[in-house]
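Note: the block below is my_file05.txt and it holds compact mmCIF, C-alpha atoms.
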```txt
# COMPACT_ATOMS: atom_id res chain seq x y z
CA MET X 28 106.70 82.24 54.82
CA ALA X 29 105.81 84.59 52.00
CA MET X 30 106.47 82.26 49.07
CA GLU X 31 105.68 78.58 48.80
CA ILE X 32 107.60 76.44 46.31
CA GLU X 33 105.99 73.05 45.94
CA ARG X 34 105.89 70.13 43.50
CA LYS X 35 103.04 67.65 43.39
CA PHE X 36 102.94 64.06 42.12
CA MET X 37 100.54 61.19 41.63
CA VAL X 38 101.48 58.01 43.49
CA ALA X 39 102.50 55.08 41.29
CA ARG X 40 102.87 52.60 44.14
CA ARG X 41 102.07 53.33 47.76
CA PRO X 42 105.26 52.95 49.87
CA ASP X 43 105.45 51.25 53.26
CA LEU X 44 103.73 53.62 55.71
CA ALA X 45 104.36 51.63 58.89
CA GLY X 46 106.92 54.09 60.31
CA ALA X 47 105.48 57.27 58.82
CA LYS X 48 104.34 60.12 61.06
CA ARG X 49 100.67 60.73 60.28
CA THR X 50 98.38 63.73 60.84
CA GLU X 51 94.66 64.08 60.24
CA ILE X 52 93.84 67.16 58.15
CA GLU X 53 90.41 68.69 57.66
CA GLN X 54 90.26 71.75 55.46
CA GLY X 55 87.64 73.93 53.84
CA TYR X 56 87.72 76.91 51.50
CA LEU X 57 86.38 80.33 52.42
CA ALA X 58 87.30 81.39 48.89
CA LEU X 59 88.43 79.12 46.06
CA GLY X 60 90.67 81.53 44.18
CA GLY X 61 90.76 81.07 40.44
CA GLY X 62 91.58 82.48 37.11
CA ASP X 63 90.51 86.08 37.77
CA GLY X 64 93.37 86.72 40.20
CA GLN X 65 91.43 86.34 43.42
CA ALA X 66 93.26 84.57 46.23
CA GLU X 67 92.51 81.16 47.68
CA VAL X 68 91.62 81.38 51.39
CA ARG X 69 91.62 78.14 53.34
CA LEU X 70 90.78 77.02 56.87
CA ARG X 71 92.70 73.97 58.05
CA ARG X 72 92.58 71.91 61.22
CA LYS X 73 95.74 69.80 61.46
CA GLY X 74 95.88 67.90 64.73
CA ASP X 75 95.38 70.62 67.38
CA GLN X 76 96.45 73.41 65.06
CA ARG X 77 93.93 75.73 63.42
CA LEU X 78 95.10 77.84 60.50
CA LEU X 79 93.81 80.37 58.03
CA THR X 80 95.97 80.31 54.90
CA VAL X 81 95.93 82.73 51.99
CA LYS X 82 97.48 81.61 48.70
CA GLY X 83 97.90 83.72 45.60
CA GLY X 84 99.18 83.01 42.14
CA SER X 85 99.34 79.58 40.53
CA GLY X 86 101.78 76.82 39.60
CA ARG X 87 104.94 75.80 41.40
CA THR X 88 105.63 79.07 43.24
CA ARG X 89 102.83 80.88 45.04
CA THR X 90 102.48 83.59 47.67
CA GLU X 91 101.43 81.97 50.93
CA GLU X 92 100.67 83.36 54.39
CA GLU X 93 99.49 81.26 57.32
CA LEU X 94 97.72 82.73 60.35
CA GLU X 95 96.97 80.80 63.54
CA LEU X 96 93.36 81.00 64.67
CA ASP X 97 92.00 80.48 68.16
CA PRO X 98 89.28 77.81 68.44
CA ASP X 99 86.42 80.34 68.75
CA ARG X 100 87.36 82.15 65.55
CA PHE X 101 87.89 78.90 63.71
CA ASP X 102 84.48 77.61 64.82
CA SER X 103 82.83 80.88 63.79
CA LEU X 104 84.32 80.74 60.28
CA TRP X 105 84.14 76.99 59.59
CA PRO X 106 80.41 77.00 58.58
CA LEU X 107 81.34 79.39 55.73
CA THR X 108 83.29 76.55 54.06
CA GLU X 109 80.28 74.24 53.73
CA GLY X 110 80.30 72.35 50.43
CA ARG X 111 84.00 73.13 49.89
CA ARG X 112 85.78 70.71 52.23
CA VAL X 113 88.38 67.96 52.05
CA THR X 114 89.65 65.44 54.62
CA LYS X 115 92.88 63.53 54.31
CA THR X 116 95.57 61.78 56.34
CA ARG X 117 99.04 63.15 55.75
CA HIS X 118 102.04 60.81 56.02
CA LEU X 119 105.59 62.18 56.23
CA ILE X 120 108.13 60.11 54.31
CA ALA X 121 111.81 61.06 54.45
CA HIS X 122 113.60 61.15 51.10
CA GLY X 123 117.14 62.51 51.18
CA GLU X 124 117.01 66.05 52.54
CA ARG X 125 113.25 66.36 52.01
CA ASP X 126 110.09 65.14 53.61
CA ILE X 127 107.57 63.95 51.08
CA GLU X 128 103.98 64.53 52.23
CA LEU X 129 101.77 61.68 51.08
CA ASP X 130 98.08 62.56 51.42
CA LEU X 131 95.51 59.77 51.51
CA TYR X 132 92.11 61.35 50.97
CA SER X 133 88.91 60.16 52.62
CA GLY X 134 85.20 60.90 52.33
CA ASP X 135 84.07 61.70 48.77
CA LEU X 136 87.68 61.50 47.59
CA ASP X 137 88.39 58.10 49.16
CA GLY X 138 91.13 56.29 47.24
CA LEU X 139 92.88 59.42 45.96
CA GLU X 140 96.60 59.58 46.84
CA ILE X 141 98.72 62.66 46.13
CA ALA X 142 102.27 63.47 47.21
CA GLU X 143 103.68 66.98 47.71
CA VAL X 144 107.18 68.22 48.37
CA GLU X 145 108.05 71.73 49.58
CA PHE X 146 111.35 73.38 48.74
CA PRO X 147 113.28 76.30 50.23
CA ASP X 148 114.21 77.66 46.79
CA GLU X 149 113.75 77.13 43.04
CA LYS X 150 117.15 75.50 42.67
CA SER X 151 116.38 72.67 45.06
CA ALA X 152 112.96 72.25 43.44
CA ASP X 153 114.71 71.80 40.06
CA ALA X 154 117.23 69.37 41.55
CA PHE X 155 114.68 67.11 43.21
CA GLU X 156 114.95 63.49 42.13
CA ALA X 157 111.66 61.75 42.72
CA PRO X 158 111.75 58.23 44.22
CA GLU X 159 110.45 55.50 41.93
CA TRP X 160 107.18 55.17 43.89
CA LEU X 161 106.06 58.61 42.70
CA GLY X 162 104.15 58.76 39.42
CA ASP X 163 103.26 61.60 37.04
CA GLU X 164 103.94 65.14 38.16
CA VAL X 165 100.76 67.25 38.48
CA THR X 166 102.27 70.53 39.74
CA GLY X 167 100.09 73.38 38.45
CA ASP X 168 97.37 70.99 37.19
CA GLU X 169 94.20 72.75 38.35
CA ARG X 170 92.27 69.47 38.54
CA TYR X 171 94.49 68.44 41.44
CA LEU X 172 94.27 71.66 43.43
CA ASN X 173 92.61 70.86 46.74
CA ALA X 174 90.23 73.75 46.07
CA THR X 175 89.14 72.01 42.86
CA LEU X 176 88.93 68.56 44.49
CA ALA X 177 86.80 70.05 47.29
CA THR X 178 84.17 71.32 44.87
CA LYS X 179 84.40 69.19 41.73
CA GLY X 180 85.53 65.86 43.22
CA LEU X 181 87.82 63.35 41.56
CA PRO X 182 89.09 64.21 38.07
CA ARG X 183 87.49 61.98 35.43
CA MET P 7 82.82 89.65 66.97
CA ALA P 8 81.21 86.76 65.16
CA MET P 9 78.19 88.59 63.74
CA GLU P 10 78.03 92.04 62.24
CA ILE P 11 74.69 93.85 62.15
CA GLU P 12 74.92 96.94 60.00
CA ARG P 13 72.65 99.32 58.10
CA LYS P 14 73.87 101.44 55.22
CA PHE P 15 72.50 104.70 53.80
CA MET P 16 73.10 107.17 51.03
CA VAL P 17 73.83 110.72 52.17
CA ALA P 18 71.15 113.28 51.33
CA ARG P 19 73.07 116.26 52.67
CA ARG P 20 76.58 116.13 54.06
CA PRO P 21 76.55 117.22 57.73
CA ASP P 22 79.08 119.52 59.36
CA LEU P 23 82.31 117.49 59.65
CA ALA P 24 84.39 120.09 61.46
CA GLY P 25 84.42 118.22 64.79
CA ALA P 26 84.31 114.67 63.40
CA LYS P 27 87.09 112.20 64.15
CA ARG P 28 88.51 111.08 60.82
CA THR P 29 90.52 108.02 59.75
CA GLU P 30 92.09 107.20 56.41
CA ILE P 31 91.11 103.73 55.21
CA GLU P 32 92.72 101.80 52.37
CA GLN P 33 91.30 98.36 51.66
CA GLY P 34 91.59 95.68 49.03
CA TYR P 35 89.91 92.35 48.43
CA LEU P 36 91.76 89.03 48.45
CA ALA P 37 88.42 87.46 47.56
CA LEU P 38 85.21 89.26 46.59
CA GLY P 39 82.67 86.76 47.90
CA GLY P 40 79.47 86.56 45.95
CA GLY P 41 76.38 84.60 45.14
CA ASP P 42 77.89 81.12 45.26
CA GLY P 43 78.41 81.22 49.02
CA GLN P 44 82.11 82.01 49.04
CA ALA P 45 83.28 84.43 51.70
CA GLU P 46 84.56 87.97 51.20
CA VAL P 47 88.15 88.36 52.44
CA ARG P 48 89.45 91.89 52.86
CA LEU P 49 92.71 93.55 53.81
CA ARG P 50 92.34 96.94 55.46
CA ARG P 51 94.82 99.53 56.64
CA LYS P 52 93.09 101.95 59.02
CA GLY P 53 95.54 104.43 60.48
CA ASP P 54 98.28 102.20 61.97
CA GLN P 55 96.08 99.16 62.15
CA ARG P 56 96.31 96.32 59.61
CA LEU P 57 93.46 93.85 59.46
CA LEU P 58 92.36 90.79 57.55
CA THR P 59 88.59 90.49 57.71
CA VAL P 60 86.42 87.58 56.59
CA LYS P 61 82.72 88.22 55.96
CA GLY P 62 80.14 85.62 55.08
CA GLY P 63 76.48 85.80 54.19
CA SER P 64 74.72 88.88 52.84
CA GLY P 65 72.32 91.63 53.87
CA ARG P 66 71.99 93.31 57.25
CA THR P 67 73.48 90.51 59.40
CA ARG P 68 76.70 88.81 58.35
CA THR P 69 79.35 86.61 59.95
CA GLU P 70 82.48 88.68 60.48
CA GLU P 71 85.90 87.87 61.92
CA GLU P 72 88.77 90.35 62.08
CA LEU P 73 92.41 89.31 62.46
CA GLU P 74 95.27 91.71 63.16
CA LEU P 75 98.21 91.35 60.78
CA ASP P 76 101.79 92.36 61.40
CA PRO P 77 103.24 94.75 58.79
CA ASP P 78 105.31 92.04 57.03
CA ARG P 79 102.34 89.79 56.48
CA PHE P 80 100.19 92.68 55.35
CA ASP P 81 102.83 93.79 52.86
CA SER P 82 103.21 90.24 51.54
CA LEU P 83 99.46 89.88 50.92
CA TRP P 84 98.62 93.40 49.71
CA PRO P 85 99.81 92.82 46.09
CA LEU P 86 97.16 90.06 45.79
CA THR P 87 94.43 92.72 46.02
CA GLU P 88 95.56 94.62 42.93
CA GLY P 89 92.61 95.85 40.87
CA ARG P 90 90.21 95.37 43.80
CA ARG P 91 90.94 98.35 46.05
CA VAL P 92 89.10 101.27 47.62
CA THR P 93 90.28 104.32 49.55
CA LYS P 94 88.08 106.46 51.73
CA THR P 95 88.11 108.81 54.69
CA ARG P 96 85.87 107.73 57.53
CA HIS P 97 84.21 110.35 59.72
CA LEU P 98 82.58 109.42 63.03
CA ILE P 99 79.39 111.33 63.77
CA ALA P 100 77.59 110.80 67.08
CA HIS P 101 73.84 110.29 66.83
CA GLY P 102 72.09 109.31 70.07
CA GLU P 103 73.68 106.12 71.35
CA ARG P 104 75.31 105.33 68.00
CA ASP P 105 78.25 106.49 65.96
CA ILE P 106 77.42 106.94 62.32
CA GLU P 107 80.39 106.22 60.06
CA LEU P 108 80.35 108.57 57.09
CA ASP P 109 82.72 107.40 54.36
CA LEU P 110 83.93 109.88 51.75
CA TYR P 111 85.50 107.91 48.92
CA SER P 112 88.51 109.04 46.92
CA GLY P 113 90.36 107.88 43.81
CA ASP P 114 88.09 106.34 41.15
CA LEU P 115 85.11 106.68 43.50
CA ASP P 116 85.68 110.36 44.27
CA GLY P 117 82.41 112.04 45.21
CA LEU P 118 80.71 108.94 46.58
CA GLU P 119 79.42 109.31 50.16
CA ILE P 120 78.00 106.40 52.13
CA ALA P 121 77.04 106.16 55.80
CA GLU P 122 77.05 102.99 57.89
CA VAL P 123 75.79 102.22 61.39
CA GLU P 124 76.67 99.12 63.38
CA PHE P 125 74.35 97.67 65.99
CA PRO P 126 74.83 95.29 68.91
CA ASP P 127 71.59 93.40 68.13
CA GLU P 128 68.70 93.19 65.68
CA LYS P 129 66.36 95.05 68.03
CA SER P 130 68.48 98.19 68.11
CA ALA P 131 68.94 97.94 64.34
CA ASP P 132 65.15 97.94 63.93
CA ALA P 133 64.77 100.82 66.37
CA PHE P 134 67.32 103.11 64.69
CA GLU P 135 65.90 106.47 63.69
CA ALA P 136 68.00 107.97 60.94
CA PRO P 137 68.84 111.67 61.16
CA GLU P 138 67.38 113.79 58.37
CA TRP P 139 70.75 114.15 56.61
CA LEU P 140 70.71 110.45 55.68
CA GLY P 141 69.07 109.49 52.39
CA ASP P 142 67.85 106.20 50.94
CA GLU P 143 68.78 103.01 52.77
CA VAL P 144 70.97 100.71 50.67
CA THR P 145 71.54 97.87 53.18
CA GLY P 146 71.95 94.64 51.22
CA ASP P 147 72.14 96.44 47.87
CA GLU P 148 75.01 94.64 46.17
CA ARG P 149 75.90 97.68 44.06
CA TYR P 150 76.99 99.45 47.23
CA LEU P 151 79.09 96.65 48.69
CA ASN P 152 82.68 97.87 48.90
CA ALA P 153 83.73 94.68 47.10
CA THR P 154 81.47 95.69 44.20
CA LEU P 155 82.58 99.33 44.23
CA ALA P 156 86.23 98.17 44.21
CA THR P 157 85.78 96.23 40.99
CA LYS P 158 82.82 97.77 39.13
CA GLY P 159 83.10 101.38 40.24
CA LEU P 160 80.21 103.77 40.80
CA PRO P 161 76.70 102.42 40.20
CA ARG P 162 75.15 103.95 37.06
```
Write-out of the structure in structure tokens:
Amino acid sequence: MAMEIERKFMVARRPDLAGAKRTEIEQGYLALGGGDGQAEVRLRRKGDQRLLTVKGGSGRTRTEEELELDPDRFDSLWPLTEGRRVTKTRHLIAHGERDIELDLYSGDLDGLEIAEVEFPDEKSADAFEAPEWLGDEVTGDERYLNATLATKGLPR
Amino acid sequence: MAMEIERKFMVARRPDLAGAKRTEIEQGYLALGGGDGQAEVRLRRKGDQRLLTVKGGSGRTRTEEELELDPDRFDSLWPLTEGRRVTKTRHLIAHGERDIELDLYSGDLDGLEIAEVEFPDEKSADAFEAPEWLGDEVTGDERYLNATLATKGLPR
């Protein structure tokens, strides 16, 4: 997809995850992006899938392109993300028409829980009614960008 | 390829280009890379070819991976390189076993001429004997990185 529309929330109370589909995610940043307009460029291993993702812009709606990488290319590039990595377990939780992605972080970020929801358009993003287990919205809060978490750790 | 071994030179005297194969190159930087270990991520249009290239490290030998992009993806990402672009015409000049790439820059960098030579290994890079039309070597000189030229312009 060319545009990504996404809202992000803290988790007030972790829901029952017994039936949730879970995926291990390991990701690292080739480039962190930032205020000077440069793009964020991420490597992600998600189960057997290996992706290079470019994101531009900031806030709720960003340009996003995902490219599949073969294992050799991924392995060649992965060392370039050293010191800028995050691991988490993603849980998919159905809520009305949407899947909420609940990420439980591990490693240095152990204990952090963040939920994300992707939308097909701005209208449905506006209309989203969060379940009561979601807490404060942190969409566009740079402290909760994975690129920030990967380099600066937990917000204080 | 996973590693790129390349030497770069100023041009003391432009050689005869009448028989040289030439290609128009337009490139822009999604991410500039730099001293903090982040990778350089470049979009390049070279004739009909559209590439996303990641380079890591600095100096003569760098990690490099090139991915082909379809036109839609290229067009979606290209706006993210605004303000960090370079255009040049590449001329291929045979010299012994090697092709020397002579880049004549246009636009804001009009008049700049830089030659590059790629090598299959360090030994052949060491053994390279530059023709007399090449000038000072600028391999590893950050002022002559295309990412620097794209944002800071001609070295003063």
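With CA of Glu10 in chain P on one side and CA of Glu46 in chain P on the other, the separation reads 13.5 Å.
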Tell me as a PDB file with C-alpha atoms, keeping the file's coordinate frame which residues belonging to chain X come within 8 Å of chain P, counting all atoms listed in the file.
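So the final result, stored in selection.pdb, reads:
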```pdb
ATOM      1  CA  ALA X  29     105.810  84.590  52.000  1.00  0.00           C
ATOM      2  CA  TYR X  56      87.720  76.910  51.500  1.00  0.00           C
ATOM      3  CA  LEU X  57      86.380  80.330  52.420  1.00  0.00           C
ATOM      4  CA  ALA X  58      87.300  81.390  48.890  1.00  0.00           C
ATOM      5  CA  LEU X  59      88.430  79.120  46.060  1.00  0.00           C
ATOM      6  CA  GLY X  60      90.670  81.530  44.180  1.00  0.00           C
ATOM      7  CA  GLY X  64      93.370  86.720  40.200  1.00  0.00           C
ATOM      8  CA  GLN X  65      91.430  86.340  43.420  1.00  0.00           C
ATOM      9  CA  ALA X  66      93.260  84.570  46.230  1.00  0.00           C
ATOM     10  CA  GLU X  67      92.510  81.160  47.680  1.00  0.00           C
ATOM     11  CA  VAL X  68      91.620  81.380  51.390  1.00  0.00           C
ATOM     12  CA  GLY X  83      97.900  83.720  45.600  1.00  0.00           C
ATOM     13  CA  THR X  90     102.480  83.590  47.670  1.00  0.00           C
ATOM     14  CA  GLU X  92     100.670  83.360  54.390  1.00  0.00           C
ATOM     15  CA  ARG X 100      87.360  82.150  65.550  1.00  0.00           C
ATOM     16  CA  SER X 103      82.830  80.880  63.790  1.00  0.00           C
ATOM     17  CA  LEU X 104      84.320  80.740  60.280  1.00  0.00           C
ATOM     18  CA  LEU X 107      81.340  79.390  55.730  1.00  0.00           C
ATOM     19  CA  THR X 108      83.290  76.550  54.060  1.00  0.00           C
TER      20      THR X 108
END
```
| field | Sphere at (114.0, 70.0, 48.4), radius 7 Å, counting all atoms listed in the file: residues as an MDAnalysis selection string | value | chainID X and resid 124:125 145:147 151:152 155
| said: Please return as a ChimeraX atom specification every residue within 12 Å of (74.1, 96.7, 44.5), taking into account all atoms listed in the file and the file's own coordinates. | reply: /P:14,40,64-65,143-155,158-162
| request: Write out as a list in words the residues lying within 7 Å of Arg51 in chain P, counting all atoms listed in the file and excluding same-chain residues fewer than 3 positions away. | output: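 Result of the neighbour search: Ile31, Glu32, Gln33, Asp54, Gln55, Arg56 and Leu57 of chain P.
Counting from CA of Arg13 in chain P, the distance to CA of Ala121 in chain P is 8.4 Å.
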| field | Within 12 Å of Leu118 in chain P using all atoms listed in the file, minus same-chain residues under 6 positions, as an MDAnalysis selection string | value | chainID P and resid 15:18 20 92:95 108:112 150 152 155 159:161
| Interatomic distance (Å, one decimal) between CA of Asp163 in chain X and CA of Gly138 in chain X |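 Atom-to-atom, CA of Asp163 in chain X and CA of Gly138 in chain X are spaced 16.7 Å apart.
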